[in-house]
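What follows is a single structure, written as C-alpha cells, with notes after it.
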Amino acid sequence: MIDRITSLFRGRAELAPDAGHDSAEMQLAAAALLVEAALMDHHFDDAERATVMTVIGRRFDLTEEECARLIVEAEAAATDSHQLYRFTRVIKDRFTPEERIELVEMLWEVAYADGELHHFEDNLLRRIAGLIYVSDRDRGLARKRVLARAGGQ
C-alpha cells in the first residue's frame, strides 16, 4: 500500500476506475486535506497530528504505521501542492455525498484538535466544503457534531 501511495505521489500510479473504494489515491487526497487543515494556523502540533492519525486510521482502517507513512506522504503532497483542487477533485469524484460530509467532520476534528479554531482553518473548511459540494448546512451540522463530542469547546 505504501509503495502505491509513494508512486501515486510521484505521479506514476495508474489507478483503474474501479480500483476500490479506499484506494491509495483517495487516502492520500483525504490525508492531504487533513494535513492542510492542521497546517493552516502554521503549527502541526502533536494534538493535531494525533487527531489526523486517529481519523485517518478509523476512516480507512489503517494500522498506526500505515497512518504515519500516509501522513508523511500527505505532508509532502500538501507542501508541494499550492492548490486544493488536486485533492478536492479526487474527493468530489470518488466519495459519496455521505463520505464527503464525513470528511468535513474529520476536518473539523483536526481544526479543533488544538482547542481553538483559527480563522484560517474556518476559511479553509468553508472552501473545501464548497469544492467537494458539501452544503453550508451540512458543514455546520458536522461542526456541531464534533463540538458535541468534544464537550462543546
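Order determines the names: the first chain of the C-alpha cells is A, the second B, and so forth; residues in each chain are numbered 1 upward, and ligands are numbered 1 upward as they are shown.
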
Q. Just asking: which residues within range 33-115 of chain A are alpha helix (DSSP H) according to DSSP, as a PyMOL selection string?
A. chain A and resi 33-39+46-60+64-80+85-94+97-111

Those same residues, written as an mmCIF file, in the first residue's frame with C-alpha atoms?
data_model
loop_
_atom_site.group_PDB
_atom_site.id
_atom_site.type_symbol
_atom_site.label_atom_id
_atom_site.label_comp_id
_atom_site.auth_asym_id
_atom_site.auth_seq_id
_atom_site.Cartn_x
_atom_site.Cartn_y
_atom_site.Cartn_z
ATOM 1 C CA LEU A 33 -6.631 17.907 3.120
ATOM 2 C CA LEU A 34 -6.476 16.996 6.811
ATOM 3 C CA VAL A 35 -2.796 17.927 6.969
ATOM 4 C CA GLU A 36 -3.555 21.169 5.127
ATOM 5 C CA ALA A 37 -6.184 21.963 7.773
ATOM 6 C CA ALA A 38 -3.668 21.226 10.523
ATOM 7 C CA LEU A 39 -1.091 23.498 8.898
ATOM 8 C CA ASP A 46 1.216 16.771 18.467
ATOM 9 C CA ALA A 47 -2.516 17.090 19.209
ATOM 10 C CA GLU A 48 -3.301 17.791 15.557
ATOM 11 C CA ARG A 49 -1.008 15.010 14.349
ATOM 12 C CA ALA A 50 -2.661 12.549 16.757
ATOM 13 C CA THR A 51 -6.104 13.629 15.568
ATOM 14 C CA VAL A 52 -5.139 13.187 11.920
ATOM 15 C CA MET A 53 -3.738 9.733 12.743
ATOM 16 C CA THR A 54 -6.918 8.777 14.585
ATOM 17 C CA VAL A 55 -9.411 9.936 11.974
ATOM 18 C CA ILE A 56 -7.416 8.538 9.041
ATOM 19 C CA GLY A 57 -6.904 5.206 10.787
ATOM 20 C CA ARG A 58 -10.566 4.988 11.701
ATOM 21 C CA ARG A 59 -11.839 6.016 8.262
ATOM 22 C CA PHE A 60 -9.553 3.818 6.168
ATOM 23 C CA GLU A 64 -0.636 3.056 13.167
ATOM 24 C CA GLU A 65 2.409 2.512 10.955
ATOM 25 C CA GLU A 66 0.343 2.880 7.774
ATOM 26 C CA CYS A 67 -1.196 6.078 9.149
ATOM 27 C CA ALA A 68 2.212 7.512 9.996
ATOM 28 C CA ARG A 69 3.535 6.799 6.499
ATOM 29 C CA LEU A 70 0.404 8.193 4.883
ATOM 30 C CA ILE A 71 0.727 11.391 6.903
ATOM 31 C CA VAL A 72 4.355 11.793 5.812
ATOM 32 C CA GLU A 73 3.253 11.417 2.181
ATOM 33 C CA ALA A 74 0.326 13.768 2.773
ATOM 34 C CA GLU A 75 2.603 16.412 4.312
ATOM 35 C CA ALA A 76 4.887 16.233 1.282
ATOM 36 C CA ALA A 77 1.925 16.368 -1.103
ATOM 37 C CA ALA A 78 0.323 19.304 0.717
ATOM 38 C CA THR A 79 3.635 21.172 0.828
ATOM 39 C CA ASP A 80 4.334 20.577 -2.865
ATOM 40 C CA TYR A 85 -8.154 21.366 -6.364
ATOM 41 C CA ARG A 86 -5.853 18.384 -6.865
ATOM 42 C CA PHE A 87 -7.147 16.791 -3.669
ATOM 43 C CA THR A 88 -10.723 18.033 -3.633
ATOM 44 C CA ARG A 89 -11.322 16.743 -7.144
ATOM 45 C CA VAL A 90 -10.489 13.202 -6.027
ATOM 46 C CA ILE A 91 -12.820 13.552 -3.039
ATOM 47 C CA LYS A 92 -15.637 15.059 -5.114
ATOM 48 C CA ASP A 93 -15.349 12.423 -7.821
ATOM 49 C CA ARG A 94 -14.810 9.322 -5.697
ATOM 50 C CA PRO A 97 -22.135 12.606 -0.546
ATOM 51 C CA GLU A 98 -22.206 10.996 2.912
ATOM 52 C CA GLU A 99 -18.459 10.301 2.795
ATOM 53 C CA ARG A 100 -17.783 13.916 1.801
ATOM 54 C CA ILE A 101 -19.753 15.083 4.846
ATOM 55 C CA GLU A 102 -17.777 12.601 6.957
ATOM 56 C CA LEU A 103 -14.547 14.125 5.606
ATOM 57 C CA VAL A 104 -15.761 17.605 6.572
ATOM 58 C CA GLU A 105 -16.428 16.275 10.050
ATOM 59 C CA MET A 106 -12.890 14.866 10.136
ATOM 60 C CA LEU A 107 -11.581 18.277 9.074
ATOM 61 C CA TRP A 108 -13.466 19.920 11.950
ATOM 62 C CA GLU A 109 -11.894 17.409 14.349
ATOM 63 C CA VAL A 110 -8.447 18.429 13.136
ATOM 64 C CA ALA A 111 -9.286 22.142 13.251
#

Which residues, written as a tab-separated table (two decimals) with C-alpha atoms, in the first residue's frame, have at least one atom at most 9 Å from Phe120 in chain A, with only C-alpha atoms counted and residues fewer than 3 positions away on the same chain left out?
chain	number	residue	atom	x	y	z
A	37	ALA	CA	-6.18	21.96	7.77
A	40	MET	CA	-3.47	26.46	8.46
A	41	ASP	CA	-2.50	28.01	11.79
A	117	LEU	CA	-10.46	27.38	15.81
A	123	ASN	CA	-11.96	29.69	5.96
A	124	LEU	CA	-10.21	26.58	4.65
A	125	LEU	CA	-13.05	24.33	5.76

(Q) When you count only C-alpha atoms, which of these residues is closest to Ile128 in chain A: A:Leu84, A:Ala148, A:Ala113, A:Leu28? (A) A:Leu84

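Counting only C-alpha atoms and comparing A:Tyr112, A:Ala32, A:Leu62, A:Thr96, the residue that lies closest to Gln83 in chain A is A:Ala32.
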
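Distance-wise, CA of Gln27 in chain A and CA of Asp61 in chain A end up 10.6 Å apart.
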